[in-house]
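Asker: Next comes work05.csv, CSV, N, CA and C atoms and all ligand atoms:
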```
chain,number,residue,atom,x,y,z
B,796,MET,N,161.4,121.1,133.9
B,796,MET,CA,161.0,121.5,132.5
B,796,MET,C,160.3,120.3,131.8
B,797,SER,N,161.1,119.2,131.8
B,797,SER,CA,160.6,118.1,131.1
B,797,SER,C,159.4,117.4,131.9
B,798,THR,N,159.4,117.5,133.2
B,798,THR,CA,158.3,116.9,133.9
B,798,THR,C,157.0,117.8,133.7
B,799,HIS,N,157.2,119.1,133.6
B,799,HIS,CA,156.0,119.9,133.3
B,799,HIS,C,155.4,119.6,131.9
B,800,LEU,N,156.3,119.4,130.9
B,800,LEU,CA,155.8,119.0,129.6
B,800,LEU,C,155.2,117.7,129.7
B,801,HIS,N,155.8,116.8,130.4
B,801,HIS,CA,155.3,115.4,130.5
B,801,HIS,C,153.9,115.4,131.2
B,802,ILE,N,153.7,116.1,132.3
B,802,ILE,CA,152.4,116.1,133.0
B,802,ILE,C,151.4,116.8,132.1
B,803,THR,N,151.8,118.0,131.5
B,803,THR,CA,150.8,118.7,130.6
B,803,THR,C,150.3,117.8,129.5
B,804,SER,N,151.3,117.0,128.9
B,804,SER,CA,150.9,116.2,127.7
B,804,SER,C,150.0,115.0,128.1
B,805,TRP,N,150.3,114.4,129.3
B,805,TRP,CA,149.4,113.3,129.6
B,805,TRP,C,148.1,113.7,130.2
B,806,VAL,N,148.0,114.9,130.8
B,806,VAL,CA,146.7,115.4,131.3
B,806,VAL,C,145.9,115.8,130.0
B,807,LEU,N,146.5,116.4,129.0
B,807,LEU,CA,145.8,116.7,127.8
B,807,LEU,C,145.3,115.4,127.1
B,808,ALA,N,146.1,114.3,127.2
B,808,ALA,CA,145.7,113.0,126.6
B,808,ALA,C,144.4,112.5,127.3
B,809,LEU,N,144.4,112.7,128.6
B,809,LEU,CA,143.2,112.2,129.4
B,809,LEU,C,141.9,112.9,128.9
B,810,VAL,N,142.1,114.2,128.7
B,810,VAL,CA,141.0,115.1,128.3
B,810,VAL,C,140.5,114.6,126.8
B,811,LEU,N,141.5,114.4,126.0
B,811,LEU,CA,141.2,114.0,124.6
B,811,LEU,C,140.6,112.6,124.5
B,812,LEU,N,141.1,111.7,125.4
B,812,LEU,CA,140.5,110.4,125.5
B,812,LEU,C,139.1,110.5,125.8
B,813,GLY,N,138.7,111.3,126.9
B,813,GLY,CA,137.4,111.4,127.3
B,813,GLY,C,136.5,112.0,126.2
B,814,LEU,N,137.0,113.0,125.5
B,814,LEU,CA,136.2,113.7,124.5
B,814,LEU,C,136.0,112.7,123.3
B,815,SER,N,137.0,112.0,122.9
B,815,SER,CA,136.9,111.2,121.7
B,815,SER,C,136.0,110.0,122.0
B,816,PHE,N,136.1,109.5,123.2
B,816,PHE,CA,135.2,108.4,123.6
B,816,PHE,C,133.7,108.8,123.6
B,817,TRP,N,133.5,110.0,124.2
B,817,TRP,CA,132.2,110.5,124.2
B,817,TRP,C,131.6,110.8,122.8
B,818,PHE,N,132.4,111.4,121.9
B,818,PHE,CA,132.0,111.6,120.6
B,818,PHE,C,131.7,110.3,119.8
B,819,TYR,N,132.6,109.3,119.9
B,819,TYR,CA,132.3,108.1,119.2
B,819,TYR,C,131.1,107.4,119.8
B,820,ARG,N,131.0,107.3,121.1
B,820,ARG,CA,129.8,106.7,121.7
B,820,ARG,C,128.5,107.4,121.3
B,821,GLY,N,128.6,108.7,121.2
B,821,GLY,CA,127.4,109.5,120.9
B,821,GLY,C,127.1,109.5,119.4
B,822,GLY,N,127.8,108.7,118.6
B,822,GLY,CA,127.6,108.6,117.1
B,822,GLY,C,128.1,109.8,116.3
B,823,ARG,N,129.0,110.6,117.0
B,823,ARG,CA,129.6,111.7,116.3
B,823,ARG,C,131.0,111.4,115.8
B,824,ALA,N,131.0,110.5,114.8
B,824,ALA,CA,132.2,109.9,114.3
B,824,ALA,C,133.2,110.9,113.8
B,825,LYS,N,132.8,111.9,113.2
B,825,LYS,CA,133.7,112.9,112.6
B,825,LYS,C,134.4,113.7,113.7
B,826,ALA,N,133.6,114.2,114.7
B,826,ALA,CA,134.2,114.9,115.8
B,826,ALA,C,135.2,114.0,116.5
B,827,GLY,N,134.8,112.7,116.7
B,827,GLY,CA,135.6,111.8,117.4
B,827,GLY,C,137.0,111.6,116.7
B,828,LYS,N,136.9,111.5,115.4
B,828,LYS,CA,138.1,111.3,114.6
B,828,LYS,C,139.1,112.5,114.7
B,829,ILE,N,138.5,113.7,114.8
B,829,ILE,CA,139.4,114.8,114.9
B,829,ILE,C,140.1,114.8,116.3
B,830,THR,N,139.4,114.6,117.4
B,830,THR,CA,140.0,114.7,118.7
B,830,THR,C,141.0,113.5,118.8
B,831,HIS,N,140.6,112.3,118.2
B,831,HIS,CA,141.5,111.2,118.2
B,831,HIS,C,142.8,111.4,117.5
B,832,MET,N,142.7,112.2,116.4
B,832,MET,CA,144.0,112.5,115.7
B,832,MET,C,144.9,113.4,116.5
B,833,ILE,N,144.2,114.4,117.2
B,833,ILE,CA,145.0,115.3,118.0
B,833,ILE,C,145.6,114.5,119.2
B,834,LEU,N,144.9,113.5,119.7
B,834,LEU,CA,145.4,112.7,120.8
B,834,LEU,C,146.6,111.9,120.3
B,835,ARG,N,146.6,111.5,119.0
B,835,ARG,CA,147.7,110.7,118.5
B,835,ARG,C,149.0,111.6,118.3
B,836,LEU,N,148.8,112.9,118.0
B,836,LEU,CA,149.9,113.8,118.0
B,836,LEU,C,150.5,114.0,119.4
B,837,ASP,N,149.5,114.1,120.3
B,837,ASP,CA,149.9,114.3,121.7
B,837,ASP,C,150.7,113.1,122.3
B,838,TYR,N,150.5,111.9,121.7
B,838,TYR,CA,151.3,110.7,122.1
B,838,TYR,C,152.8,111.0,121.9
B,839,LEU,N,153.1,111.7,120.8
B,839,LEU,CA,154.5,112.0,120.5
B,839,LEU,C,155.1,112.9,121.6
B,840,LEU,N,154.3,113.8,122.1
B,840,LEU,CA,154.8,114.7,123.2
B,840,LEU,C,155.0,113.9,124.4
B,841,ILE,N,154.1,113.0,124.7
B,841,ILE,CA,154.2,112.1,125.9
B,841,ILE,C,155.5,111.3,125.8
B,842,LEU,N,155.7,110.7,124.6
B,842,LEU,CA,156.8,109.8,124.4
B,842,LEU,C,158.1,110.6,124.5
B,843,TYR,N,158.1,111.7,123.9
B,843,TYR,CA,159.3,112.6,123.9
B,843,TYR,C,159.7,113.0,125.3
B,844,SER,N,158.7,113.5,126.0
B,844,SER,CA,159.0,114.0,127.4
B,844,SER,C,159.3,112.9,128.3
B,845,GLY,N,158.6,111.8,128.2
B,845,GLY,CA,158.9,110.6,129.0
B,845,GLY,C,160.2,110.0,128.7
B,846,GLY,N,160.5,110.0,127.4
B,846,GLY,CA,161.8,109.4,127.0
B,846,GLY,C,163.0,110.2,127.5
B,847,SER,N,162.8,111.6,127.5
B,847,SER,CA,163.9,112.4,128.0
B,847,SER,C,164.1,112.3,129.5
B,848,LEU,N,162.9,112.1,130.2
B,848,LEU,CA,163.0,111.9,131.7
B,848,LEU,C,163.7,110.5,132.0
B,849,LEU,N,163.4,109.5,131.2
B,849,LEU,CA,164.0,108.2,131.3
B,849,LEU,C,165.5,108.3,131.1
B,850,GLY,N,165.9,109.1,130.1
B,850,GLY,CA,167.3,109.2,129.8
B,850,GLY,C,168.1,109.6,131.0
B,851,ALA,N,167.5,110.4,131.9
B,851,ALA,CA,168.2,110.9,133.1
B,851,ALA,C,168.5,109.8,134.1
B,852,TYR,N,167.9,108.7,134.0
B,852,TYR,CA,168.2,107.5,134.9
B,852,TYR,C,169.3,106.7,134.4
B,853,PHE,N,169.7,106.8,133.2
B,853,PHE,CA,170.8,106.0,132.7
B,853,PHE,C,172.1,106.6,133.2
B,854,GLY,N,173.0,105.8,133.5
B,854,GLY,CA,174.3,106.4,134.0
B,854,GLY,C,174.4,106.3,135.5
B,855,GLY,N,173.8,105.2,136.1
B,855,GLY,CA,174.1,104.9,137.5
B,855,GLY,C,173.0,105.1,138.5
B,856,SER,N,171.8,105.5,138.1
B,856,SER,CA,170.8,105.6,139.1
B,856,SER,C,170.3,104.3,139.7
B,857,ALA,N,170.1,104.2,141.0
B,857,ALA,CA,169.7,103.0,141.7
B,857,ALA,C,168.2,102.8,141.4
B,858,MET,N,167.5,103.8,140.8
B,858,MET,CA,166.1,103.6,140.5
B,858,MET,C,165.8,103.4,139.1
B,859,LEU,N,166.9,103.0,138.3
B,859,LEU,CA,166.7,102.8,136.9
B,859,LEU,C,165.6,101.7,136.6
B,860,GLY,N,165.6,100.7,137.4
B,860,GLY,CA,164.6,99.6,137.2
B,860,GLY,C,163.2,100.1,137.3
B,861,GLU,N,162.9,100.9,138.4
B,861,GLU,CA,161.6,101.4,138.6
B,861,GLU,C,161.2,102.4,137.5
B,862,ALA,N,162.2,103.2,137.0
B,862,ALA,CA,162.0,104.2,136.0
B,862,ALA,C,161.6,103.4,134.7
B,863,ILE,N,162.2,102.3,134.4
B,863,ILE,CA,161.9,101.5,133.2
B,863,ILE,C,160.5,101.0,133.3
B,864,VAL,N,160.1,100.4,134.5
B,864,VAL,CA,158.8,99.9,134.7
B,864,VAL,C,157.8,101.0,134.5
B,865,LYS,N,158.1,102.2,135.1
B,865,LYS,CA,157.2,103.4,134.9
B,865,LYS,C,157.0,103.7,133.5
B,866,ALA,N,158.1,103.7,132.7
B,866,ALA,CA,158.0,104.0,131.3
B,866,ALA,C,157.2,103.0,130.5
B,867,LEU,N,157.4,101.7,130.9
B,867,LEU,CA,156.6,100.7,130.2
B,867,LEU,C,155.1,100.8,130.5
B,868,ALA,N,154.8,101.2,131.8
B,868,ALA,CA,153.4,101.4,132.2
B,868,ALA,C,152.8,102.6,131.4
B,869,GLY,N,153.6,103.6,131.1
B,869,GLY,CA,153.2,104.7,130.3
B,869,GLY,C,152.9,104.3,128.9
B,870,VAL,N,153.7,103.5,128.3
B,870,VAL,CA,153.5,103.0,126.9
B,870,VAL,C,152.2,102.2,126.9
B,871,TRP,N,152.0,101.4,128.0
B,871,TRP,CA,150.8,100.6,128.1
B,871,TRP,C,149.6,101.4,128.2
B,872,VAL,N,149.6,102.6,128.9
B,872,VAL,CA,148.5,103.5,128.9
B,872,VAL,C,148.1,103.9,127.5
B,873,ILE,N,149.2,104.3,126.8
B,873,ILE,CA,148.9,104.8,125.4
B,873,ILE,C,148.3,103.6,124.5
B,874,TYR,N,148.8,102.4,124.7
B,874,TYR,CA,148.2,101.3,124.0
B,874,TYR,C,146.8,101.1,124.3
B,875,ALA,N,146.4,101.2,125.6
B,875,ALA,CA,145.1,101.0,126.1
B,875,ALA,C,144.1,102.1,125.6
B,876,MET,N,144.6,103.3,125.5
B,876,MET,CA,143.8,104.4,125.0
B,876,MET,C,143.5,104.2,123.5
B,877,GLU,N,144.4,103.7,122.8
B,877,GLU,CA,144.2,103.4,121.4
B,877,GLU,C,143.2,102.3,121.2
B,878,MET,N,143.3,101.2,122.1
B,878,MET,CA,142.4,100.1,122.0
B,878,MET,C,141.0,100.5,122.3
B,879,ILE,N,140.8,101.4,123.4
B,879,ILE,CA,139.5,101.9,123.8
B,879,ILE,C,138.9,102.6,122.6
B,880,LEU,N,139.7,103.5,121.9
B,880,LEU,CA,139.1,104.4,120.9
B,880,LEU,C,138.8,103.6,119.6
B,881,ILE,N,139.7,102.7,119.3
B,881,ILE,CA,139.5,102.0,118.0
B,881,ILE,C,138.2,101.1,118.2
B,882,ARG,N,138.1,100.5,119.4
B,882,ARG,CA,136.9,99.7,119.6
B,882,ARG,C,135.6,100.5,119.6
B,883,SER,N,135.7,101.7,120.3
B,883,SER,CA,134.5,102.5,120.4
B,883,SER,C,134.1,103.1,119.1
B,884,SER,N,135.1,103.4,118.2
B,884,SER,CA,134.8,103.9,116.9
B,884,SER,C,134.1,102.9,116.0
B,885,LYS,N,134.3,101.6,116.4
B,885,LYS,CA,133.6,100.6,115.6
B,885,LYS,C,132.4,100.0,116.3
B,886,SER,N,132.1,100.8,117.4
B,886,SER,CA,130.9,100.4,118.2
B,886,SER,C,131.0,99.0,118.8
B,887,THR,N,132.2,98.5,119.0
B,887,THR,CA,132.3,97.2,119.8
B,887,THR,C,132.8,97.5,121.2
B,888,SER,N,132.7,96.5,122.1
B,888,SER,CA,133.0,96.7,123.5
B,888,SER,C,134.4,97.2,123.7
B,889,SER,N,134.6,98.2,124.6
B,889,SER,CA,135.9,98.7,124.9
B,889,SER,C,136.3,98.4,126.3
B,890,ARG,N,135.5,97.4,126.9
B,890,ARG,CA,135.7,97.1,128.3
B,890,ARG,C,137.1,96.6,128.6
B,891,ASN,N,137.6,95.7,127.7
B,891,ASN,CA,138.9,95.2,127.9
B,891,ASN,C,140.0,96.3,127.9
B,892,GLY,N,139.8,97.3,127.0
B,892,GLY,CA,140.7,98.4,127.0
B,892,GLY,C,140.7,99.2,128.2
B,893,TRP,N,139.5,99.4,128.8
B,893,TRP,CA,139.3,100.2,130.0
B,893,TRP,C,140.0,99.5,131.2
B,894,ILE,N,139.8,98.2,131.3
B,894,ILE,CA,140.5,97.5,132.4
B,894,ILE,C,142.0,97.7,132.3
B,895,GLN,N,142.6,97.5,131.1
B,895,GLN,CA,144.0,97.7,130.9
B,895,GLN,C,144.4,99.1,131.2
B,896,PHE,N,143.6,100.1,130.8
B,896,PHE,CA,143.9,101.5,131.0
B,896,PHE,C,144.0,101.8,132.5
B,897,TRP,N,143.0,101.3,133.3
B,897,TRP,CA,143.1,101.6,134.8
B,897,TRP,C,144.2,100.9,135.5
B,898,ILE,N,144.6,99.7,135.1
B,898,ILE,CA,145.7,99.0,135.7
B,898,ILE,C,147.0,99.8,135.4
B,899,ALA,N,147.1,100.1,134.1
B,899,ALA,CA,148.4,100.8,133.6
B,899,ALA,C,148.5,102.2,134.2
B,900,ILE,N,147.4,102.9,134.3
B,900,ILE,CA,147.6,104.3,134.7
B,900,ILE,C,147.8,104.4,136.2
B,901,ILE,N,147.3,103.4,137.0
B,901,ILE,CA,147.6,103.4,138.4
B,901,ILE,C,149.1,103.1,138.6
B,902,ILE,N,149.6,102.1,137.9
B,902,ILE,CA,151.1,101.8,138.0
B,902,ILE,C,151.9,103.1,137.6
B,903,ALA,N,151.5,103.8,136.5
B,903,ALA,CA,152.3,104.9,136.1
B,903,ALA,C,152.2,106.1,137.1
B,904,LEU,N,151.0,106.3,137.7
B,904,LEU,CA,150.8,107.4,138.7
B,904,LEU,C,151.5,107.0,140.0
B,905,VAL,N,151.4,105.8,140.5
B,905,VAL,CA,152.1,105.4,141.7
B,905,VAL,C,153.6,105.6,141.6
B,906,LEU,N,154.1,105.0,140.5
B,906,LEU,CA,155.6,105.1,140.3
B,906,LEU,C,156.0,106.5,140.0
B,907,GLY,N,155.3,107.2,139.2
B,907,GLY,CA,155.6,108.5,138.8
B,907,GLY,C,155.6,109.5,139.9
B,908,PHE,N,154.5,109.6,140.6
B,908,PHE,CA,154.4,110.5,141.7
B,908,PHE,C,154.9,110.0,143.0
B,909,GLY,N,154.7,108.7,143.3
B,909,GLY,CA,155.0,108.2,144.6
B,909,GLY,C,156.4,107.7,144.8
B,910,ARG,N,157.0,107.2,143.8
B,910,ARG,CA,158.3,106.5,144.0
B,910,ARG,C,159.5,107.2,143.4
B,911,LEU,N,159.3,107.7,142.1
B,911,LEU,CA,160.5,108.2,141.4
B,911,LEU,C,160.8,109.7,141.8
B,912,PRO,N,162.1,110.0,141.9
B,912,PRO,CA,162.5,111.2,142.5
B,912,PRO,C,162.5,112.5,141.7
B,913,LEU,N,162.4,112.4,140.3
B,913,LEU,CA,162.6,113.6,139.6
B,913,LEU,C,161.5,114.6,139.6
B,914,GLY,N,160.3,114.2,140.0
B,914,GLY,CA,159.1,115.0,139.7
B,914,GLY,C,158.9,116.3,140.5
B,915,VAL,N,157.7,116.8,140.4
B,915,VAL,CA,157.3,118.0,141.1
B,915,VAL,C,156.7,117.7,142.5
B,916,LEU,N,156.3,116.4,142.7
B,916,LEU,CA,155.7,116.0,144.0
B,916,LEU,C,156.5,114.9,144.6
B,917,PRO,N,157.6,115.2,145.2
B,917,PRO,CA,158.5,114.1,145.8
B,917,PRO,C,157.9,113.5,147.1
B,918,ILE,N,156.8,112.8,146.9
B,918,ILE,CA,156.1,112.2,148.1
B,918,ILE,C,157.0,111.3,148.9
B,919,ALA,N,157.8,110.5,148.1
B,919,ALA,CA,158.6,109.4,148.8
B,919,ALA,C,159.8,110.0,149.5
B,920,GLY,N,160.0,111.3,149.3
B,920,GLY,CA,161.1,112.0,150.0
B,920,GLY,C,162.5,111.8,149.4
N,1,LIG,C1,149.6,108.5,129.6
N,1,LIG,C2,150.7,107.9,130.0
N,1,LIG,C3,151.5,108.4,131.1
N,1,LIG,C4,151.2,108.9,132.4
N,1,LIG,C5,149.8,109.0,133.0
N,1,LIG,C6,152.4,109.2,133.1
N,1,LIG,C7,152.5,109.7,134.4
N,1,LIG,C8,153.7,110.2,135.0
N,1,LIG,C9,153.8,110.9,136.3
N,1,LIG,C10,152.6,111.1,137.2
N,1,LIG,C11,155.1,111.2,136.5
N,1,LIG,C12,155.6,111.9,137.7
N,1,LIG,C13,155.8,113.3,137.4
N,1,LIG,C14,156.3,114.1,138.5
N,1,LIG,O1,156.4,113.6,139.6
N,1,LIG,O2,156.5,115.3,138.3
N,1,LIG,C15,155.8,110.7,135.3
N,1,LIG,C16,157.2,110.8,135.2
N,1,LIG,C17,157.9,110.0,134.3
N,1,LIG,N1,157.4,109.4,133.2
N,1,LIG,FE1,155.5,109.2,132.7
N,1,LIG,N2,153.5,109.0,132.3
N,1,LIG,C18,153.0,108.5,131.1
N,1,LIG,C19,153.7,108.1,130.0
N,1,LIG,C20,155.1,107.9,130.0
N,1,LIG,C21,155.8,107.3,128.9
N,1,LIG,C22,155.3,106.8,127.6
N,1,LIG,C23,157.2,107.2,129.3
N,1,LIG,C24,158.4,106.7,128.6
N,1,LIG,C25,158.6,106.7,127.4
N,1,LIG,C26,157.2,107.8,130.6
N,1,LIG,C27,158.3,107.9,131.4
N,1,LIG,C28,158.4,108.7,132.6
N,1,LIG,C29,159.6,108.9,133.3
N,1,LIG,C30,161.0,108.3,133.0
N,1,LIG,C31,159.3,109.7,134.4
N,1,LIG,C32,160.3,110.3,135.5
N,1,LIG,C33,160.0,109.8,136.8
N,1,LIG,C34,160.4,110.7,137.9
N,1,LIG,O3,161.6,110.7,138.2
N,1,LIG,O4,159.6,111.4,138.5
N,1,LIG,N3,155.9,108.2,131.0
N,1,LIG,N4,154.9,110.1,134.4
```
What would the structure in this file look like if it were written as structure tokens?

Answerer:
Amino acid sequence: MSTHLHITSWVLALVLLGLSFWFYRGGRAKAGKITHMILRLDYLLILYSGGSLLGAYFGGSAMLGEAIVKALAGVWVIYAMEMILIRSSKSTSSRNGWIQFWIAIIIALVLGFGRLPLGVLPIAG
């Protein structure tokens, strides 16, 4: 349940990030602001669903450490998305934000799908 909410909310975030970036870069500041605000509300869903998944690791899981790193990477993705959009809304370079975004999202995806056991795709068995 919580993983579905989690995945739905971060996939939605990626879509809203792409749209907002595209609007800001295309000079459509008003449209960008609207999708950016919706994205900010969606952060709450990501944090809520991620936080409740993280809660399941407290109480003796051997993978608590990896789950904490996964959660920090997730928070870092959110930080990078904000940095990208704030910079692009001011027409300054968002390169630094994108670099952080890709590093953080790769860590979140590898740990989330590849390593941690709660999900829908238990690749690591
Ligand atoms: C946009 C940012 C994020 C992305 C792309 C992301 C990605 C993922 C993925 C791919 C999974 C595995 C889901 C599955 O296997 O079903 C996952 C699970 C999880 N996420 Fe996130 N996440 C993000 C943000 C967060 C945040 C902010 C937190 C903490 C507050 C968090 C905490 C967790 C935890 C604890 C799990 C459970 C791991 C498991 O056992 O599978 N995530 N996330």

Asker: For the alpha helix (DSSP H) assignment from backbone DSSP, which residues of chain B qualify? Please present them as a PyMOL selection string.

Answerer: chain B and resi 797-820+824-850+859-884+890-904

Asker: Given all atoms listed in the file as the basis, pick out the residue of B:Met858, B:Ile894, B:Leu842, B:Ile833 nearest to ligand LIG 1 (chain N).

Answerer: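 Counting all atoms listed in the file, the residue closest to ligand LIG 1 (chain N) is B:Leu842.
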
Asker: Identify which of the residues B:Thr830, B:Gln895, B:Ser847, B:Ser815 lies closest to ligand LIG 1 (chain N), counting only C-alpha atoms and all ligand atoms when measuring atom-to-atom distances.

Answerer: B:Ser847

Asker: Just to confirm, what's the straight-line distance from atom C of Lys828 in chain B to CA of Ile873 in chain B in Å (one decimal)?

Answerer: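 Separation of atom C of Lys828 in chain B and CA of Ile873 in chain B: 16.4 Å.
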
Asker: Would you compute, for all listed atoms of ligand LIG 1 (chain N), the axis-aligned bounding box grown by 6 Å on each side, and then report its centre and edge lengths in Å rounded to one decimal, as JSON?

Answerer:
```
{"center_x": 155.6, "center_y": 111.0, "center_z": 133.5, "size_x": 24.0, "size_y": 20.6, "size_z": 24.2}
```

Asker: Atom C of Arg910 in chain B to atom C of Gly892 in chain B: how many Å, to one decimal?

Answerer: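 So the answer is 25.5 Å.
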
Asker: Please give me, as number ranges by chain, the residues lying within 8 Å of ligand LIG 1 (chain N) when counting all atoms listed in the file.

Answerer: B: 797-799, 801-802, 804-806, 808-809, 838, 840-852, 861-874, 899-918

Asker: What's the separation between CA of Gly854 in chain B and atom N of Leu839 in chain B, in Å to one decimal place?

Answerer: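 Going from CA of Gly854 in chain B over to atom N of Leu839 in chain B, I get 25.5 Å.
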
Asker: Looking at only N, CA and C atoms, which of B:Leu807, B:Leu812, B:Ile829, B:Met878 is the one that sits closest to Trp893 in chain B?

Answerer: B:Met878

Asker: Determine the nearest neighbour of Ser884 in chain B from the options B:Leu814, B:Thr803, B:Ala824, B:Ile898, counting only C-alpha atoms.

Answerer: B:Ala824

Asker: Counting only N, CA and C atoms, which of B:Asn891, B:Val810, B:Met832, B:Phe818 gets nearest to Ile879 in chain B?

Answerer: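 Using only N, CA and C atoms, Ile879 in chain B sits closest to B:Asn891.
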
Asker: Using only C-alpha atoms, pick whichever of B:Ser856, B:Leu800, B:Tyr819, B:Ser889 has the shortest atom-to-atom distance to His831 in chain B.

Answerer: B:Tyr819
